[in-house]
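Chemist: The structure under discussion is supplied below as structure tokens; questions concerning it will follow.
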Amino acid sequence: MNISQAVALRILELLKEKNISQYKLEHNACISHDTIKSIMKGKAKGVNLKTIIAIADGFNMKVCEFLNSPLFDYDNVNMD
């Protein structure tokens, strides 16, 4: 999987875990609906660090906590 797919899966995990809606995440993270929608539908070519920081903040967590998932293990992410 690529980075964008890993980010989308992590978002889904955390939405369920923290029991919040995608809309609430967008609001908390100050990220547009189109940006999150693009990531979630796999249309994003990549996700930059600024966006990941905002998403982590939207979940009220540090970036290292957001990335602390097997989804981001080197063996699981296609770096091409």
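How things are named: the first chain in the structure tokens is A, the next is B, and so on; residues count from 1 in each chain; ligands count from 1 in the order shown.
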May I have the residues within 9 Å of Ile39 (chain A) as a list in words, using only C-alpha atoms and disregarding those fewer than 4 positions away in the same chain?

Modeler: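 Neighbouring residues, sequence-local ones excluded: Ser4, Gln5, Val7, Ala8, Asp34, Thr35, Lys43, Ala44, Lys45, Gly46 and Val47 of chain A.
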
Chemist: Using all heavy atoms, can you write the selected residues to a file as a PDB file, in the first residue's frame?

Modeler:
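Dumped everything to again_4.pdb:
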ATOM      1  N   SER A   4      -0.615   7.306   1.221  1.00  0.00           N
ATOM      2  CA  SER A   4      -1.980   7.849   1.287  1.00  0.00           C
ATOM      3  C   SER A   4      -2.971   6.796   1.753  1.00  0.00           C
ATOM      4  O   SER A   4      -3.871   7.081   2.547  1.00  0.00           O
ATOM      5  CB  SER A   4      -2.406   8.400  -0.074  1.00  0.00           C
ATOM      6  OG  SER A   4      -1.604   9.484  -0.435  1.00  0.00           O
ATOM      7  N   GLN A   5      -2.812   5.570   1.263  1.00  0.00           N
ATOM      8  CA  GLN A   5      -3.704   4.486   1.683  1.00  0.00           C
ATOM      9  C   GLN A   5      -3.506   4.164   3.160  1.00  0.00           C
ATOM     10  O   GLN A   5      -4.488   3.922   3.875  1.00  0.00           O
ATOM     11  CB  GLN A   5      -3.456   3.241   0.826  1.00  0.00           C
ATOM     12  CG  GLN A   5      -3.879   3.418  -0.614  1.00  0.00           C
ATOM     13  CD  GLN A   5      -3.345   2.308  -1.514  1.00  0.00           C
ATOM     14  OE1 GLN A   5      -2.242   1.797  -1.308  1.00  0.00           O
ATOM     15  NE2 GLN A   5      -4.130   1.948  -2.518  1.00  0.00           N
ATOM     16  N   VAL A   7      -2.483   6.252   5.466  1.00  0.00           N
ATOM     17  CA  VAL A   7      -3.078   7.358   6.223  1.00  0.00           C
ATOM     18  C   VAL A   7      -4.596   7.195   6.281  1.00  0.00           C
ATOM     19  O   VAL A   7      -5.207   7.361   7.341  1.00  0.00           O
ATOM     20  CB  VAL A   7      -2.676   8.728   5.623  1.00  0.00           C
ATOM     21  CG1 VAL A   7      -3.493   9.864   6.233  1.00  0.00           C
ATOM     22  CG2 VAL A   7      -1.186   8.982   5.821  1.00  0.00           C
ATOM     23  N   ALA A   8      -5.213   6.837   5.161  1.00  0.00           N
ATOM     24  CA  ALA A   8      -6.670   6.650   5.131  1.00  0.00           C
ATOM     25  C   ALA A   8      -7.095   5.537   6.085  1.00  0.00           C
ATOM     26  O   ALA A   8      -8.069   5.699   6.839  1.00  0.00           O
ATOM     27  CB  ALA A   8      -7.136   6.347   3.705  1.00  0.00           C
ATOM     28  N   ASP A  34     -12.849  18.415   1.172  1.00  0.00           N
ATOM     29  CA  ASP A  34     -12.283  17.887  -0.073  1.00  0.00           C
ATOM     30  C   ASP A  34     -10.943  17.199   0.150  1.00  0.00           C
ATOM     31  O   ASP A  34     -10.648  16.181  -0.481  1.00  0.00           O
ATOM     32  CB  ASP A  34     -12.132  18.994  -1.123  1.00  0.00           C
ATOM     33  CG  ASP A  34     -13.463  19.447  -1.690  1.00  0.00           C
ATOM     34  OD1 ASP A  34     -14.455  18.688  -1.589  1.00  0.00           O
ATOM     35  OD2 ASP A  34     -13.521  20.561  -2.246  1.00  0.00           O
ATOM     36  N   THR A  35     -10.132  17.745   1.042  1.00  0.00           N
ATOM     37  CA  THR A  35      -8.824  17.140   1.327  1.00  0.00           C
ATOM     38  C   THR A  35      -9.000  15.770   1.966  1.00  0.00           C
ATOM     39  O   THR A  35      -8.401  14.784   1.516  1.00  0.00           O
ATOM     40  CB  THR A  35      -7.981  18.057   2.237  1.00  0.00           C
ATOM     41  OG1 THR A  35      -7.742  19.286   1.565  1.00  0.00           O
ATOM     42  CG2 THR A  35      -6.656  17.403   2.606  1.00  0.00           C
ATOM     43  N   LYS A  43      -7.763   9.102  -3.784  1.00  0.00           N
ATOM     44  CA  LYS A  43      -7.472   9.963  -4.923  1.00  0.00           C
ATOM     45  C   LYS A  43      -6.274  10.877  -4.680  1.00  0.00           C
ATOM     46  O   LYS A  43      -5.777  11.488  -5.616  1.00  0.00           O
ATOM     47  CB  LYS A  43      -8.703  10.786  -5.283  1.00  0.00           C
ATOM     48  CG  LYS A  43      -9.842   9.921  -5.768  1.00  0.00           C
ATOM     49  CD  LYS A  43     -11.036  10.714  -6.205  1.00  0.00           C
ATOM     50  CE  LYS A  43     -12.104   9.752  -6.695  1.00  0.00           C
ATOM     51  NZ  LYS A  43     -13.259  10.431  -7.228  1.00  0.00           N
ATOM     52  N   ALA A  44      -5.819  10.950  -3.439  1.00  0.00           N
ATOM     53  CA  ALA A  44      -4.666  11.795  -3.115  1.00  0.00           C
ATOM     54  C   ALA A  44      -3.404  11.109  -3.631  1.00  0.00           C
ATOM     55  O   ALA A  44      -3.194   9.925  -3.411  1.00  0.00           O
ATOM     56  CB  ALA A  44      -4.575  12.017  -1.613  1.00  0.00           C
ATOM     57  N   LYS A  45      -2.581  11.852  -4.338  1.00  0.00           N
ATOM     58  CA  LYS A  45      -1.317  11.307  -4.854  1.00  0.00           C
ATOM     59  C   LYS A  45      -0.324  11.081  -3.725  1.00  0.00           C
ATOM     60  O   LYS A  45       0.519  10.214  -3.797  1.00  0.00           O
ATOM     61  CB  LYS A  45      -0.709  12.268  -5.889  1.00  0.00           C
ATOM     62  CG  LYS A  45      -1.585  12.502  -7.093  1.00  0.00           C
ATOM     63  CD  LYS A  45      -1.651  11.270  -7.960  1.00  0.00           C
ATOM     64  CE  LYS A  45      -2.489  11.557  -9.189  1.00  0.00           C
ATOM     65  NZ  LYS A  45      -3.057  10.385  -9.753  1.00  0.00           N
ATOM     66  N   GLY A  46      -0.437  11.871  -2.691  1.00  0.00           N
ATOM     67  CA  GLY A  46       0.423  11.764  -1.528  1.00  0.00           C
ATOM     68  C   GLY A  46      -0.155  12.621  -0.423  1.00  0.00           C
ATOM     69  O   GLY A  46      -1.043  13.425  -0.658  1.00  0.00           O
ATOM     70  N   VAL A  47       0.347  12.421   0.764  1.00  0.00           N
ATOM     71  CA  VAL A  47      -0.102  13.219   1.892  1.00  0.00           C
ATOM     72  C   VAL A  47       1.145  13.862   2.499  1.00  0.00           C
ATOM     73  O   VAL A  47       2.069  13.157   2.883  1.00  0.00           O
ATOM     74  CB  VAL A  47      -0.826  12.352   2.949  1.00  0.00           C
ATOM     75  CG1 VAL A  47      -1.301  13.203   4.099  1.00  0.00           C
ATOM     76  CG2 VAL A  47      -1.986  11.601   2.328  1.00  0.00           C
TER      77      VAL A  47
END

Chemist: Could you pull out the alpha helix (DSSP H) residues of chain A, going by DSSP on the backbone, and write them as a PyMOL selection string?

Modeler: chain A and resi 3-18+22-29+33-40+49-58+63-67

Chemist: Can you tell me which residues surround Ile11 (chain A) at a distance of at most 10 Å, considering only C-alpha atoms, apart from same-chain residues fewer than 6 positions away, and format the answer as a list of chain:residue names?

Modeler: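 So the residues in contact are A:Gln5, A:Glu17, A:Gln22, A:Leu25, A:Ile36, A:Ile39, A:Met40, A:Ile55, A:Ala56, A:Phe59, A:Phe66.
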
Chemist: Once you have the residues from the selection above, write them out as a PDB file, in the first residue's frame, restricted to N, CA, C and O atoms.

Modeler:
ATOM      1  N   GLN A   5      -2.812   5.570   1.263  1.00  0.00           N
ATOM      2  CA  GLN A   5      -3.704   4.486   1.683  1.00  0.00           C
ATOM      3  C   GLN A   5      -3.506   4.164   3.160  1.00  0.00           C
ATOM      4  O   GLN A   5      -4.488   3.922   3.875  1.00  0.00           O
ATOM      5  N   GLU A  17     -12.064   4.172  16.860  1.00  0.00           N
ATOM      6  CA  GLU A  17     -11.525   4.084  18.219  1.00  0.00           C
ATOM      7  C   GLU A  17     -11.971   5.253  19.092  1.00  0.00           C
ATOM      8  O   GLU A  17     -12.326   5.082  20.253  1.00  0.00           O
ATOM      9  N   GLN A  22     -16.127  11.827  10.606  1.00  0.00           N
ATOM     10  CA  GLN A  22     -15.173  12.437   9.690  1.00  0.00           C
ATOM     11  C   GLN A  22     -15.355  13.954   9.691  1.00  0.00           C
ATOM     12  O   GLN A  22     -14.381  14.700   9.662  1.00  0.00           O
ATOM     13  N   LEU A  25     -13.617  15.385  12.672  1.00  0.00           N
ATOM     14  CA  LEU A  25     -12.179  15.397  12.433  1.00  0.00           C
ATOM     15  C   LEU A  25     -11.793  16.575  11.545  1.00  0.00           C
ATOM     16  O   LEU A  25     -10.843  17.298  11.845  1.00  0.00           O
ATOM     17  N   ILE A  36      -9.813  15.691   2.998  1.00  0.00           N
ATOM     18  CA  ILE A  36     -10.036  14.407   3.677  1.00  0.00           C
ATOM     19  C   ILE A  36     -10.719  13.428   2.727  1.00  0.00           C
ATOM     20  O   ILE A  36     -10.353  12.253   2.670  1.00  0.00           O
ATOM     21  N   ILE A  39      -8.213  11.917   0.394  1.00  0.00           N
ATOM     22  CA  ILE A  39      -7.390  10.909   1.065  1.00  0.00           C
ATOM     23  C   ILE A  39      -8.191   9.622   1.254  1.00  0.00           C
ATOM     24  O   ILE A  39      -7.723   8.522   0.933  1.00  0.00           O
ATOM     25  N   MET A  40      -9.408   9.749   1.757  1.00  0.00           N
ATOM     26  CA  MET A  40     -10.216   8.584   2.086  1.00  0.00           C
ATOM     27  C   MET A  40     -10.639   7.786   0.856  1.00  0.00           C
ATOM     28  O   MET A  40     -10.800   6.575   0.923  1.00  0.00           O
ATOM     29  N   ILE A  55      -4.016  16.364  10.858  1.00  0.00           N
ATOM     30  CA  ILE A  55      -4.891  15.230  11.154  1.00  0.00           C
ATOM     31  C   ILE A  55      -4.634  14.723  12.572  1.00  0.00           C
ATOM     32  O   ILE A  55      -5.573  14.489  13.337  1.00  0.00           O
ATOM     33  N   ALA A  56      -3.368  14.558  12.913  1.00  0.00           N
ATOM     34  CA  ALA A  56      -3.031  14.115  14.276  1.00  0.00           C
ATOM     35  C   ALA A  56      -3.594  15.094  15.295  1.00  0.00           C
ATOM     36  O   ALA A  56      -4.180  14.685  16.308  1.00  0.00           O
ATOM     37  N   PHE A  59      -7.168  14.666  15.940  1.00  0.00           N
ATOM     38  CA  PHE A  59      -7.444  13.549  16.840  1.00  0.00           C
ATOM     39  C   PHE A  59      -6.923  13.821  18.244  1.00  0.00           C
ATOM     40  O   PHE A  59      -6.984  12.944  19.111  1.00  0.00           O
ATOM     41  N   PHE A  66       0.066   9.165  15.969  1.00  0.00           N
ATOM     42  CA  PHE A  66      -0.679   8.860  14.748  1.00  0.00           C
ATOM     43  C   PHE A  66       0.077   7.833  13.909  1.00  0.00           C
ATOM     44  O   PHE A  66      -0.504   6.893  13.376  1.00  0.00           O
TER      45      PHE A  66
END

Chemist: Quick one: residues within 12 Å of Val77 (chain A), only C-alpha atoms counted, chain neighbours fewer than 2 positions away excluded, as number ranges by chain?

Modeler: A: 1-7, 69-75, 79-80

Chemist: Which of these residues is nearest to Val63 (chain A), using only C-alpha atoms: A:Ser32, A:Thr51, A:Asn19, A:Ser38?

Modeler: A:Thr51

Chemist: Here is a test: counting only C-alpha atoms, which residue of A:Ile31, A:Leu49, A:Ile20, A:Leu9 is nearest to Cys64 (chain A)?

Modeler: A:Leu49

Chemist: What does the distance between CA of Asn48 (chain A) and CA of Ala29 (chain A) come to in Å, to one decimal place?

Modeler: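 Those two atoms sit 14.3 Å apart.
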
Chemist: So the first atom is CA of Asn28 (chain A) and the second is CA of Asn78 (chain A); what is the distance between them in Å, to one decimal place?

Modeler: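 Pair CA of Asn28 (chain A) / CA of Asn78 (chain A) returns 29.3 Å.
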